[in-house]
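input-v8.cif follows (mmCIF, C-alpha atoms):
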```
data_final
loop_
_atom_site.label_atom_id
_atom_site.label_comp_id
_atom_site.auth_asym_id
_atom_site.auth_seq_id
_atom_site.Cartn_x
_atom_site.Cartn_y
_atom_site.Cartn_z
CA MET A 1 85.10 87.73 92.27
CA ILE A 2 86.61 89.68 89.43
CA TYR A 3 88.91 91.46 91.87
CA LYS A 4 91.51 88.72 92.41
CA PRO A 5 92.62 88.00 88.82
CA LEU A 6 92.47 91.71 88.07
CA LYS A 7 94.66 92.41 91.07
CA ALA A 8 97.17 89.75 90.07
CA LEU A 9 97.37 91.23 86.59
CA MET A 10 97.71 94.74 87.97
CA LEU A 11 100.48 93.73 90.33
CA ARG A 12 102.38 92.13 87.49
CA ILE A 13 102.02 95.22 85.30
CA LEU A 14 102.90 97.49 88.21
CA LYS A 15 105.84 95.27 89.16
CA ALA A 16 104.62 95.51 92.71
CA PRO A 17 105.92 93.10 95.34
CA THR A 18 103.41 90.53 96.54
CA GLN A 19 105.32 89.60 99.69
CA PRO A 20 105.27 91.60 102.89
CA PRO A 21 108.37 93.77 103.39
CA GLU A 22 111.37 92.08 104.94
CA PRO A 23 111.79 93.09 108.55
CA PRO A 24 114.66 95.33 109.64
CA ILE A 25 117.26 93.62 111.81
CA GLY A 26 116.24 92.94 115.36
CA SER A 27 115.73 89.87 117.48
CA PRO A 28 114.10 87.43 115.04
CA ASP A 29 111.54 86.29 117.58
CA SER A 30 110.38 89.85 118.17
CA VAL A 31 109.36 90.44 114.55
CA GLU A 32 105.68 91.11 114.15
CA VAL A 33 104.09 91.63 110.75
CA PHE A 34 100.50 92.76 110.65
CA ARG A 35 98.08 94.54 108.39
CA ALA A 36 95.31 97.08 108.64
CA SER A 37 92.01 95.85 110.08
CA THR A 38 89.33 94.55 107.71
CA ASN A 39 87.21 97.34 109.13
CA PHE A 40 89.67 99.77 107.59
CA LEU A 41 88.68 98.46 104.18
CA LYS A 42 85.03 98.88 105.12
CA TYR A 43 85.79 102.39 106.28
CA GLN A 44 87.52 103.28 103.02
CA ILE A 45 84.61 101.83 101.03
CA ILE A 46 82.07 103.77 103.08
CA VAL A 47 84.00 107.01 102.53
CA TRP A 48 84.23 106.13 98.84
CA GLY A 49 80.48 105.45 98.69
CA ILE A 50 79.62 108.73 100.39
CA GLY A 51 81.90 110.60 98.00
CA LEU A 52 80.37 108.89 94.98
CA ALA A 53 76.80 109.53 96.16
CA ALA A 54 77.58 113.20 96.82
CA GLY A 55 79.21 113.52 93.40
CA LEU A 56 76.31 111.88 91.60
CA ILE A 57 73.71 113.98 93.41
CA GLY A 58 75.63 117.14 92.60
CA GLU A 59 75.94 116.20 88.95
CA PHE A 60 72.31 115.19 88.73
CA ALA A 61 71.29 118.58 90.08
CA PHE A 62 73.67 120.29 87.68
CA VAL A 63 72.45 118.36 84.63
CA LEU A 64 68.81 118.81 85.59
CA ASN A 65 69.37 122.53 85.98
CA ARG A 66 71.12 122.71 82.62
CA HIS A 67 68.43 120.62 81.02
CA SER A 68 65.70 123.02 82.06
CA ASP A 69 67.65 125.86 80.45
CA ASP A 70 68.45 123.88 77.34
CA ASP A 71 65.95 122.54 74.85
CA GLY A 72 67.23 118.98 74.99
CA SER A 73 69.89 119.35 72.30
CA TRP A 74 72.21 116.42 71.46
CA GLU A 75 75.16 118.11 73.09
CA GLY A 76 73.28 118.46 76.32
CA ILE A 77 72.33 114.80 76.42
CA VAL A 78 75.83 113.62 75.51
CA PHE A 79 77.31 115.95 78.09
CA GLY A 80 74.87 114.74 80.72
CA TYR A 81 75.51 111.05 80.14
CA GLY A 82 79.22 111.65 79.68
CA ILE A 83 79.62 113.29 83.03
CA PHE A 84 77.84 110.42 84.77
CA GLY A 85 79.80 107.82 82.87
CA LEU A 86 83.10 109.44 83.72
CA THR A 87 82.19 109.73 87.38
CA ILE A 88 81.26 106.06 87.57
CA LEU A 89 84.39 105.04 85.66
CA PHE A 90 86.58 107.01 88.05
CA ALA A 91 84.68 105.59 90.99
CA ILE A 92 85.32 102.02 89.81
CA ALA A 93 89.01 102.77 89.38
CA LYS A 94 89.07 104.39 92.82
CA TYR A 95 87.33 101.37 94.33
CA PHE A 96 89.92 99.11 92.80
CA LEU A 97 92.73 101.29 94.13
CA ILE A 98 91.21 101.22 97.60
CA ARG A 99 91.16 97.43 97.54
CA ILE A 100 94.71 97.18 96.26
CA ASP A 101 95.93 99.81 98.71
CA TYR A 102 94.45 97.76 101.52
CA ASP A 103 96.14 94.60 100.29
CA MET A 104 99.51 96.30 99.89
CA ARG A 105 99.58 97.83 103.35
CA TYR A 106 101.98 96.20 105.79
CA TYR A 107 103.25 97.06 109.24
CA VAL A 108 106.34 95.47 110.78
CA ILE A 109 107.55 95.88 114.35
CA THR A 110 110.71 94.45 115.90
CA ASP A 111 112.15 95.04 119.34
CA ARG A 112 114.08 98.10 118.15
CA SER A 113 112.49 99.40 114.98
CA LEU A 114 109.43 99.55 112.81
CA ARG A 115 108.77 99.50 109.12
CA ILE A 116 105.68 100.55 107.22
CA ARG A 117 105.04 99.91 103.56
CA GLU A 118 102.10 101.30 101.65
CA GLY A 119 100.95 102.19 98.20
CA ALA A 120 100.47 100.40 94.92
CA LEU A 121 101.37 102.98 92.30
CA LEU A 122 104.04 104.69 94.36
CA ILE A 123 105.34 102.17 96.87
CA HIS A 124 106.52 103.96 99.95
CA GLU A 125 108.45 102.16 102.63
CA ALA A 126 109.64 103.85 105.81
CA THR A 127 111.95 102.51 108.51
CA PHE A 128 112.28 104.06 111.96
CA THR A 129 114.30 103.00 114.99
CA PHE A 130 112.65 103.51 118.37
CA ALA A 131 115.79 105.35 119.50
CA ASN A 132 114.73 108.18 117.19
CA VAL A 133 111.01 108.25 117.94
CA GLN A 134 109.91 111.46 119.62
CA ASN A 135 106.22 110.92 120.19
CA LEU A 136 103.26 108.71 119.46
CA LYS A 137 99.79 109.94 118.57
CA ILE A 138 96.49 108.20 118.08
CA HIS A 139 93.91 109.80 115.80
CA GLN A 140 90.37 108.56 115.38
CA GLY A 141 87.44 110.05 113.54
CA PRO A 142 83.77 109.43 114.38
CA LEU A 143 83.28 106.86 111.63
CA GLU A 144 86.52 105.14 112.58
CA ARG A 145 85.31 105.08 116.17
CA LEU A 146 82.12 103.33 115.08
CA LEU A 147 84.18 100.71 113.26
CA GLY A 148 86.62 100.36 116.13
CA ILE A 149 89.75 101.37 114.25
CA SER A 150 92.23 104.19 114.71
CA ASN A 151 95.46 105.58 113.30
CA LEU A 152 98.67 105.38 115.26
CA ILE A 153 101.16 108.07 114.26
CA VAL A 154 104.84 107.69 115.08
CA GLU A 155 106.89 110.87 114.84
CA THR A 156 110.60 111.50 114.82
CA ALA A 157 112.38 114.82 115.29
CA GLY A 158 112.19 117.40 112.52
CA GLY A 159 109.71 119.63 110.79
CA ALA A 160 106.27 118.53 109.80
CA GLY A 161 105.55 117.90 106.16
CA SER A 162 105.12 120.96 104.05
CA LYS A 163 102.18 121.33 101.69
CA LYS A 164 104.30 119.85 98.98
CA ASP A 165 104.50 116.59 100.88
CA SER A 166 100.79 116.15 101.28
CA HIS A 167 100.47 114.42 97.97
CA LYS A 168 96.98 113.34 98.89
CA GLY A 169 95.84 116.93 98.62
CA ALA A 170 93.45 118.33 101.14
CA SER A 171 92.75 114.92 102.65
CA ALA A 172 92.23 115.04 106.39
CA PHE A 173 93.79 111.61 106.87
CA PRO A 174 97.21 111.41 108.44
CA HIS A 175 99.69 110.04 105.96
CA MET A 176 103.32 109.17 105.88
CA HIS A 177 105.95 111.72 105.07
CA GLY A 178 109.38 112.50 106.35
CA HIS A 179 109.54 112.28 110.15
CA GLN A 180 106.22 110.52 110.41
CA GLY A 181 104.98 106.99 110.03
CA VAL A 182 101.31 106.08 110.21
CA PHE A 183 99.74 102.78 111.17
CA ARG A 184 96.43 103.44 109.48
CA GLY A 185 93.26 101.65 110.40
CA ILE A 186 94.42 99.28 113.10
CA GLU A 187 92.18 97.87 115.80
CA ASN A 188 94.76 97.56 118.54
CA ALA A 189 96.29 101.03 118.36
CA GLN A 190 96.50 101.25 122.15
CA GLU A 191 98.29 97.93 122.43
CA VAL A 192 100.78 98.80 119.73
CA ARG A 193 101.31 102.20 121.33
CA ASP A 194 101.99 100.62 124.72
CA GLN A 195 104.32 98.13 123.14
CA ILE A 196 106.33 100.84 121.40
CA LEU A 197 106.20 103.06 124.48
CA SER A 198 107.60 100.36 126.72
CA LEU A 199 110.48 99.91 124.30
CA LEU A 200 110.88 103.68 124.04
CA LYS A 201 111.27 104.06 127.78
CA GLN A 202 114.58 102.24 127.65
CA TYR A 203 116.12 105.23 125.94
CA ARG A 204 117.06 108.11 128.16
CA ASP A 205 118.41 110.47 125.53
CA SER A 206 116.54 112.97 123.40
CA GLY A 207 116.67 110.92 120.24
CA LEU A 208 118.70 113.53 118.41
CA GLY A 209 121.92 111.79 117.66
CA ASP A 210 123.15 111.81 121.26
CA PRO A 211 125.76 109.23 121.98
CA GLU A 212 123.98 106.19 123.29
CA GLU A 213 127.06 104.41 124.62
CA ARG A 214 126.55 105.58 128.19
CA ASN A 215 122.97 104.44 128.16
CA ARG A 216 123.88 101.16 126.71
CA ALA A 217 126.58 100.65 129.33
CA ARG A 218 124.06 101.51 132.03
CA LEU A 219 121.56 99.09 130.60
CA HIS A 220 124.20 96.43 130.46
CA GLN A 221 125.07 96.91 134.09
CA ALA A 222 121.52 97.18 135.32
CA PRO A 223 120.86 93.46 135.73
CA ARG A 224 124.12 92.98 137.67
CA THR A 225 123.90 92.52 141.45
CA GLY A 226 127.45 93.74 141.75
CA PHE A 227 128.89 90.28 142.36
CA SER A 228 129.50 87.47 139.96
CA PRO A 229 128.29 83.97 140.92
CA ILE A 230 131.85 82.91 141.81
CA ALA A 231 132.27 85.94 144.05
CA MET A 232 128.97 85.07 145.75
CA THR A 233 130.17 81.51 146.44
CA ARG A 234 133.39 82.89 147.90
CA LEU A 235 131.44 85.28 150.13
CA ARG A 236 129.27 82.44 151.39
CA GLU A 237 132.35 80.34 152.10
CA ILE A 238 133.87 83.24 154.03
CA ARG A 239 130.69 83.56 156.09
CA ASP A 240 130.77 79.84 156.88
CA GLU A 241 134.44 80.03 157.81
CA ILE A 242 133.83 82.93 160.19
CA LYS A 243 130.85 81.06 161.72
CA LEU A 244 133.15 78.11 162.37
CA LEU A 245 135.62 80.47 164.06
CA HIS A 246 133.34 80.90 167.06
CA MET B 1 120.62 91.04 106.03
CA THR B 2 123.17 91.60 108.75
CA GLY B 3 125.75 90.55 106.22
CA VAL B 4 125.85 93.88 104.39
CA ASN B 5 129.31 94.30 103.02
CA PRO B 6 130.25 97.94 103.64
CA GLU B 7 132.85 97.83 100.87
CA GLN B 8 130.06 97.32 98.38
CA ILE B 9 128.41 100.52 99.62
CA TYR B 10 131.65 102.48 99.87
CA SER B 11 132.36 101.66 96.24
CA ILE B 12 129.25 103.56 95.07
CA THR B 13 130.33 106.87 93.61
CA ARG B 14 128.01 107.39 90.66
CA PRO B 15 124.34 106.74 90.00
CA ASP B 16 123.53 103.95 87.58
CA SER B 17 123.02 104.87 83.93
CA LYS B 18 119.42 103.75 84.29
CA LEU B 19 118.88 107.00 86.16
CA LEU B 20 119.47 108.83 82.90
CA THR B 21 116.82 106.66 81.25
CA LEU B 22 114.46 107.57 84.08
CA TYR B 23 115.22 111.27 83.64
CA ILE B 24 114.66 111.05 79.90
CA ILE B 25 111.29 109.31 80.38
CA ARG B 26 110.27 111.90 82.95
CA SER B 27 111.31 114.73 80.65
CA ILE B 28 109.24 113.26 77.85
CA LEU B 29 106.27 113.00 80.22
CA ALA B 30 106.76 116.63 81.17
CA LEU B 31 105.95 117.36 77.53
CA PRO B 32 106.02 121.11 77.05
CA ALA B 33 108.78 121.55 79.61
CA ILE B 34 111.06 119.00 77.96
CA LEU B 35 113.41 121.68 76.65
CA VAL B 36 114.15 122.81 80.18
CA VAL B 37 113.76 119.57 82.10
CA LEU B 38 115.87 117.38 79.86
CA PRO B 39 119.14 119.37 79.95
CA VAL B 40 118.73 120.14 83.66
CA SER B 41 118.22 116.50 84.57
CA TYR B 42 120.91 115.39 82.14
CA PHE B 43 123.49 117.59 83.84
CA LYS B 44 122.19 116.55 87.23
CA TYR B 45 122.84 112.95 86.31
CA TYR B 46 126.16 113.79 84.72
CA THR B 47 127.52 115.70 87.71
CA MET B 48 126.08 113.56 90.47
CA ARG B 49 128.65 112.08 92.84
CA TYR B 50 128.30 110.00 95.97
CA ARG B 51 130.80 109.27 98.67
CA PHE B 52 130.04 106.76 101.40
CA ASP B 53 132.56 106.31 104.19
CA GLU B 54 132.68 104.97 107.75
CA GLU B 55 131.02 108.02 109.26
CA GLY B 56 128.65 109.43 106.71
CA ILE B 57 127.55 110.26 103.21
CA ALA B 58 128.40 113.09 100.88
CA MET B 59 126.42 113.81 97.75
CA SER B 60 126.95 116.56 95.22
CA TRP B 61 125.53 117.61 91.89
CA GLY B 62 124.97 120.62 89.69
CA LEU B 63 126.76 122.27 86.81
CA LEU B 64 126.09 125.96 87.26
CA TRP B 65 124.60 125.91 90.74
CA ARG B 66 126.50 123.30 92.63
CA LYS B 67 124.98 121.55 95.60
CA GLU B 68 126.64 119.38 98.16
CA ILE B 69 125.09 117.57 101.10
CA ASN B 70 127.02 115.92 103.90
CA LEU B 71 125.50 113.98 106.72
CA THR B 72 126.62 111.45 109.28
CA TYR B 73 124.91 108.12 109.84
CA ALA B 74 124.37 108.79 113.54
CA ARG B 75 122.08 111.74 112.71
CA ILE B 76 119.74 109.79 110.47
CA GLN B 77 116.21 109.98 111.82
CA ASP B 78 114.36 107.76 109.42
CA ILE B 79 114.84 106.09 106.07
CA HIS B 80 112.22 106.11 103.35
CA VAL B 81 112.35 104.08 100.20
CA SER B 82 109.89 105.08 97.54
CA ARG B 83 109.51 103.42 94.18
CA GLY B 84 107.34 104.88 91.50
CA LEU B 85 106.04 102.92 88.56
CA ILE B 86 108.79 103.88 86.10
CA GLU B 87 111.42 103.38 88.77
CA ARG B 88 110.18 99.85 89.39
CA TRP B 89 110.25 99.07 85.71
CA LEU B 90 113.86 100.22 85.59
CA GLY B 91 114.78 98.53 88.87
CA LEU B 92 115.52 101.81 90.59
CA ALA B 93 114.35 103.41 93.84
CA THR B 94 114.71 106.67 95.71
CA VAL B 95 116.23 106.27 99.15
CA GLN B 96 115.26 109.30 101.18
CA ILE B 97 117.15 110.09 104.34
CA GLN B 98 115.69 112.31 107.03
CA THR B 99 117.64 114.14 109.69
CA ALA B 100 116.12 116.24 112.45
CA SER B 101 116.12 119.44 110.41
CA GLY B 102 113.16 121.68 109.85
CA SER B 103 112.05 120.72 106.40
CA GLY B 104 109.48 118.02 105.96
CA SER B 105 110.94 116.81 102.71
CA ALA B 106 113.93 114.54 102.68
CA GLU B 107 117.31 116.03 103.48
CA MET B 108 118.98 113.69 101.06
CA SER B 109 117.45 111.72 98.23
CA ILE B 110 119.77 109.05 96.95
CA VAL B 111 118.66 108.25 93.43
CA GLY B 112 119.77 105.86 90.75
CA ILE B 113 121.06 103.09 92.99
CA LEU B 114 120.36 99.55 91.87
CA GLU B 115 121.36 98.09 95.24
CA TYR B 116 118.82 100.20 97.10
CA GLU B 117 117.79 97.38 99.44
CA LEU B 118 121.39 96.76 100.37
CA LEU B 119 121.88 100.48 100.90
CA ARG B 120 118.75 100.68 103.05
CA ASP B 121 119.91 97.80 105.22
CA PHE B 122 123.40 99.28 105.47
CA LEU B 123 122.06 102.68 106.53
CA TYR B 124 119.70 101.00 108.96
CA THR B 125 122.52 99.19 110.71
CA LYS B 126 124.34 102.51 111.03
CA MET B 127 121.31 104.24 112.55
CA ARG B 128 121.03 104.94 116.23
CA GLY B 129 119.18 102.21 118.04
CA ALA B 130 119.43 99.62 115.30
CA ARG B 131 122.03 97.68 117.24
CA PHE B 132 120.64 98.59 120.60
CA GLY B 133 121.79 96.21 123.31
CA GLU B 134 123.88 94.19 120.93
CA PRO B 135 127.57 93.89 121.60
CA GLU B 136 129.35 96.46 119.51
CA PRO B 137 133.04 95.80 119.07
CA THR B 138 134.21 99.38 119.57
CA ILE B 139 132.41 100.35 122.74
CA ILE B 140 130.89 97.38 124.47
CA ASP B 141 133.87 95.10 124.25
CA GLY B 142 136.00 97.55 126.21
CA SER B 143 133.61 97.93 129.11
CA GLU B 144 132.83 94.24 129.02
CA ILE B 145 136.49 93.37 129.40
CA ASP B 146 136.85 95.93 132.16
CA SER B 147 134.00 94.53 134.19
CA GLN B 148 135.23 91.02 133.51
CA GLN B 149 138.65 91.95 134.83
CA GLU B 150 137.09 93.66 137.82
CA ASP B 151 135.09 90.53 138.54
CA ASP B 152 138.20 88.42 138.31
CA ALA B 153 140.08 90.71 140.68
CA ALA B 154 137.22 90.69 143.19
CA THR B 155 136.96 86.91 143.05
CA LEU B 156 140.70 86.59 143.50
CA LEU B 157 140.56 88.88 146.53
CA LEU B 158 137.65 86.99 148.04
CA THR B 159 139.42 83.68 147.49
CA GLU B 160 142.46 85.08 149.31
CA ILE B 161 140.29 86.27 152.21
CA ARG B 162 138.60 82.88 152.43
CA ASP B 163 141.92 81.07 152.46
CA GLU B 164 143.30 83.40 155.13
CA ILE B 165 140.26 82.90 157.37
CA ARG B 166 140.31 79.17 156.75
CA LEU B 167 143.97 79.10 157.75
CA LEU B 168 143.17 81.18 160.84
CA ARG B 169 140.34 78.84 161.81
CA GLN B 170 142.41 75.73 161.25
CA ARG B 171 145.24 77.19 163.35
CA GLN B 172 142.81 78.27 166.07
CA SER B 173 141.02 74.95 166.14
CA SER B 174 144.32 73.10 166.26
CA THR B 175 145.70 75.33 169.09
CA GLY B 176 142.27 75.27 170.80
CA GLY B 177 142.19 71.48 170.50
CA GLY B 178 145.75 71.37 171.89
CA GLY B 179 144.70 73.45 174.91
CA GLU B 180 141.92 71.04 175.81
CA GLN B 181 144.14 68.06 175.70
#
```

Encoded form (structure tokens):
Amino acid sequence: MIYKPLKALMLRILKAPTQPPEPPIGSPDSVEVFRASTNFLKYQIIVWGIGLAAGLIGEFAFVLNRHSDDDGSWEGIVFGYGIFGLTILFAIAKYFLIRIDYDMRYYVITDRSLRIREGALLIHEATFTFANVQNLKIHQGPLERLLGISNLIVETAGGAGSKKDSHKGASAFPHMHGHQGVFRGIENAQEVRDQILSLLKQYRDSGLGDPEERNRARLHQAPRTGFSPIAMTRLREIRDEIKLLH
Amino acid sequence: MTGVNPEQIYSITRPDSKLLTLYIIRSILALPAILVVLPVSYFKYYTMRYRFDEEGIAMSWGLLWRKEINLTYARIQDIHVSRGLIERWLGLATVQIQTASGSGSAEMSIVGILEYELLRDFLYTKMRGARFGEPEPTIIDGSEIDSQQEDDAATLLLTEIRDEIRLLRQRQSSTGGGGEQ
């Protein structure tokens, strides 16, 4: 395929990292790095195809309409071909970007935080600790449902993104901005949600900068039975001594 | 990664001069607006100051309209690092820090830092929940010592009780044995 060498060249020009992002600190054995599902790539390509087809049909109708008005002048022909050429050129570039975006998308989860990195032109990396996560959402469109993928959205406290933040324009897809991280196009959204939720349940504060010392102390004491092993041995010895008293 | 030297972060007070290069390139790209953008961004670079300390960050800039932002590490909600094409060429990044305030855009954008990965890791370790469950010298050690001491005291007490009862039993058995004889 022409894609691979082209991608390698692009990444070198773009100075984009080829490795997955390094995980935030956490227990090393809890680090999980995963990527979007291959069906997410299919999904993106289908959306791209539909968009391209709609664009071409629209342009064809437009050019045909113009052609019937015009008398087939040179300008008309050049304009007609030009508009198709441009559309196809943009579509090829878009296709390439979709592929590269898919390859550059990484999700990392540890036992206390998560990190998402996306983008090829603008590389955006976000790090969240579970202590700050307010809620988890799962979004799925009909086409995504057919392909068995969904988007898991992790939100922290604070306002939603303003219009300025939605750099992808009027796109209906959830995307990352301040206070929100998105695991786009994953197959096991429920599993990941449950995993994060189970970790989230350990925190009993509101996730708004409350002191966590008390919680931590409570957590530390939770596994205690109240007696240390030595104290337990002593208690058993005392019981035996009293038994022998009879 | 855990070995982030805070002194290295605390010593950051000014953005790197590459930030000025970035601003100049951006101004050039903003073609017609260059006359406005270039001086504005030049003075922004020129007046930008950072202060990192044990508790938080302060950042200020501006010549005519001065701006200053202060925030504490404990209130950081999430950290974003974004690197555009020109930034990557220059080895720069924008570290955006979110707190729980209303705006969707970043509350603080730290620009022009070459050690952005170090800074990200440093801020991450200062975030709530990053060291969850790990012993933290200031808080955990105290309670840990307390409970350790409590345990020791309880064990000591139990040992005393056992010895007393053992003594009692031995005395009883010896007097009891004497009575039988």

Given the file shown, enumerate the residues that the PyMOL selection byres ((chain A) within 7 of (chain B)) captures and present them as a ChimeraX atom specification. /A:14-15,25,112-113,121-132,156-162,165,178-179,208-209,213,216,228,230-231,234-235,237-238,241,245

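Excluding A:Lys7 itself and any same-chain residue fewer than 6 positions from it, the protein and nucleic acid residues within 10 Å of it, counting all atoms listed in the file, are Ile13, Phe96, Leu97, Arg99, Ile100 and Asp103 of chain A.
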
What's around stretch 136-153 of chain A at 10 Å? Count only C-alpha atoms, leave out sequence neighbours fewer than 5 positions away in its own chain, and write the answer as an MDAnalysis selection string. chainID A and resid 36:40 42:44 46:47 172:176 180:190 192:194 196:197

Expected file: the selected residues, C-alpha atoms, as a CSV table (one decimal), keeping the file's coordinate frame:
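And here is the file that came out, again32.csv:
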```csv
chain,number,residue,atom,x,y,z
A,36,ALA,CA,95.3,97.1,108.6
A,37,SER,CA,92.0,95.8,110.1
A,38,THR,CA,89.3,94.6,107.7
A,39,ASN,CA,87.2,97.3,109.1
A,40,PHE,CA,89.7,99.8,107.6
A,42,LYS,CA,85.0,98.9,105.1
A,43,TYR,CA,85.8,102.4,106.3
A,44,GLN,CA,87.5,103.3,103.0
A,46,ILE,CA,82.1,103.8,103.1
A,47,VAL,CA,84.0,107.0,102.5
A,172,ALA,CA,92.2,115.0,106.4
A,173,PHE,CA,93.8,111.6,106.9
A,174,PRO,CA,97.2,111.4,108.4
A,175,HIS,CA,99.7,110.0,106.0
A,176,MET,CA,103.3,109.2,105.9
A,180,GLN,CA,106.2,110.5,110.4
A,181,GLY,CA,105.0,107.0,110.0
A,182,VAL,CA,101.3,106.1,110.2
A,183,PHE,CA,99.7,102.8,111.2
A,184,ARG,CA,96.4,103.4,109.5
A,185,GLY,CA,93.3,101.6,110.4
A,186,ILE,CA,94.4,99.3,113.1
A,187,GLU,CA,92.2,97.9,115.8
A,188,ASN,CA,94.8,97.6,118.5
A,189,ALA,CA,96.3,101.0,118.4
A,190,GLN,CA,96.5,101.2,122.2
A,192,VAL,CA,100.8,98.8,119.7
A,193,ARG,CA,101.3,102.2,121.3
A,194,ASP,CA,102.0,100.6,124.7
A,196,ILE,CA,106.3,100.8,121.4
A,197,LEU,CA,106.2,103.1,124.5
```

Atomic separation - atom CA of A:Arg105 relative to atom CA of A:Ala54, Å: 27.6 Å

Option closest in space to A:Ala91, from A:Gly55, A:Leu244, A:Phe34, A:Ser198 [counting all atoms listed in the file]: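 Closest residue, counting all atoms listed in the file: A:Gly55.
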
Shortest contact to A:Ile57, candidates A:Ser206, A:Glu75, A:Glu32, A:Ile83, atoms counted all atoms listed in the file, goes to A:Ile83

Once the PyMOL selection byres ((chain B and resi 61-65) around 8) has been applied to the shown file, what residues remain in the selection, as a tab-separated table (two decimals) with C-alpha atoms, in the frame of the given file?
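Once everything was written out, this is out_11.tsv:
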```
chain	number	residue	atom	x	y	z
B	43	PHE	CA	123.49	117.59	83.84
B	44	LYS	CA	122.19	116.55	87.23
B	45	TYR	CA	122.84	112.95	86.31
B	47	THR	CA	127.52	115.70	87.71
B	48	MET	CA	126.08	113.56	90.47
B	49	ARG	CA	128.65	112.08	92.84
B	59	MET	CA	126.42	113.81	97.75
B	60	SER	CA	126.95	116.56	95.22
B	66	ARG	CA	126.50	123.30	92.63
B	67	LYS	CA	124.98	121.55	95.60
B	68	GLU	CA	126.64	119.38	98.16
```

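Applied to the shown file, the PyMOL selection byres ((chain A and resi 63) around 9) selects the residues Gly58, Glu59, Phe60, Ala61, Phe62, Leu64, Asn65, Arg66, His67, Ser68, Gly76, Ile77, Phe79, Gly80 and Ile83 of chain A.
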
Do you know which residues are at most 10 Å from B:Val36 counting only C-alpha atoms, after dropping those on the same chain fewer than 5 positions away, and could you put them as a PyMOL selection string? chain B and resi 27+30+41

Here atom CA of B:Leu92 and atom CA of A:Arg35 stand apart by 26.0 Å

Work out how far atom CA of B:Ser17 is from atom CA of B:Leu35, in Å to one decimal.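 Straight-line distance from atom CA of B:Leu35 to atom CA of B:Ser17 works out to 20.7 Å.
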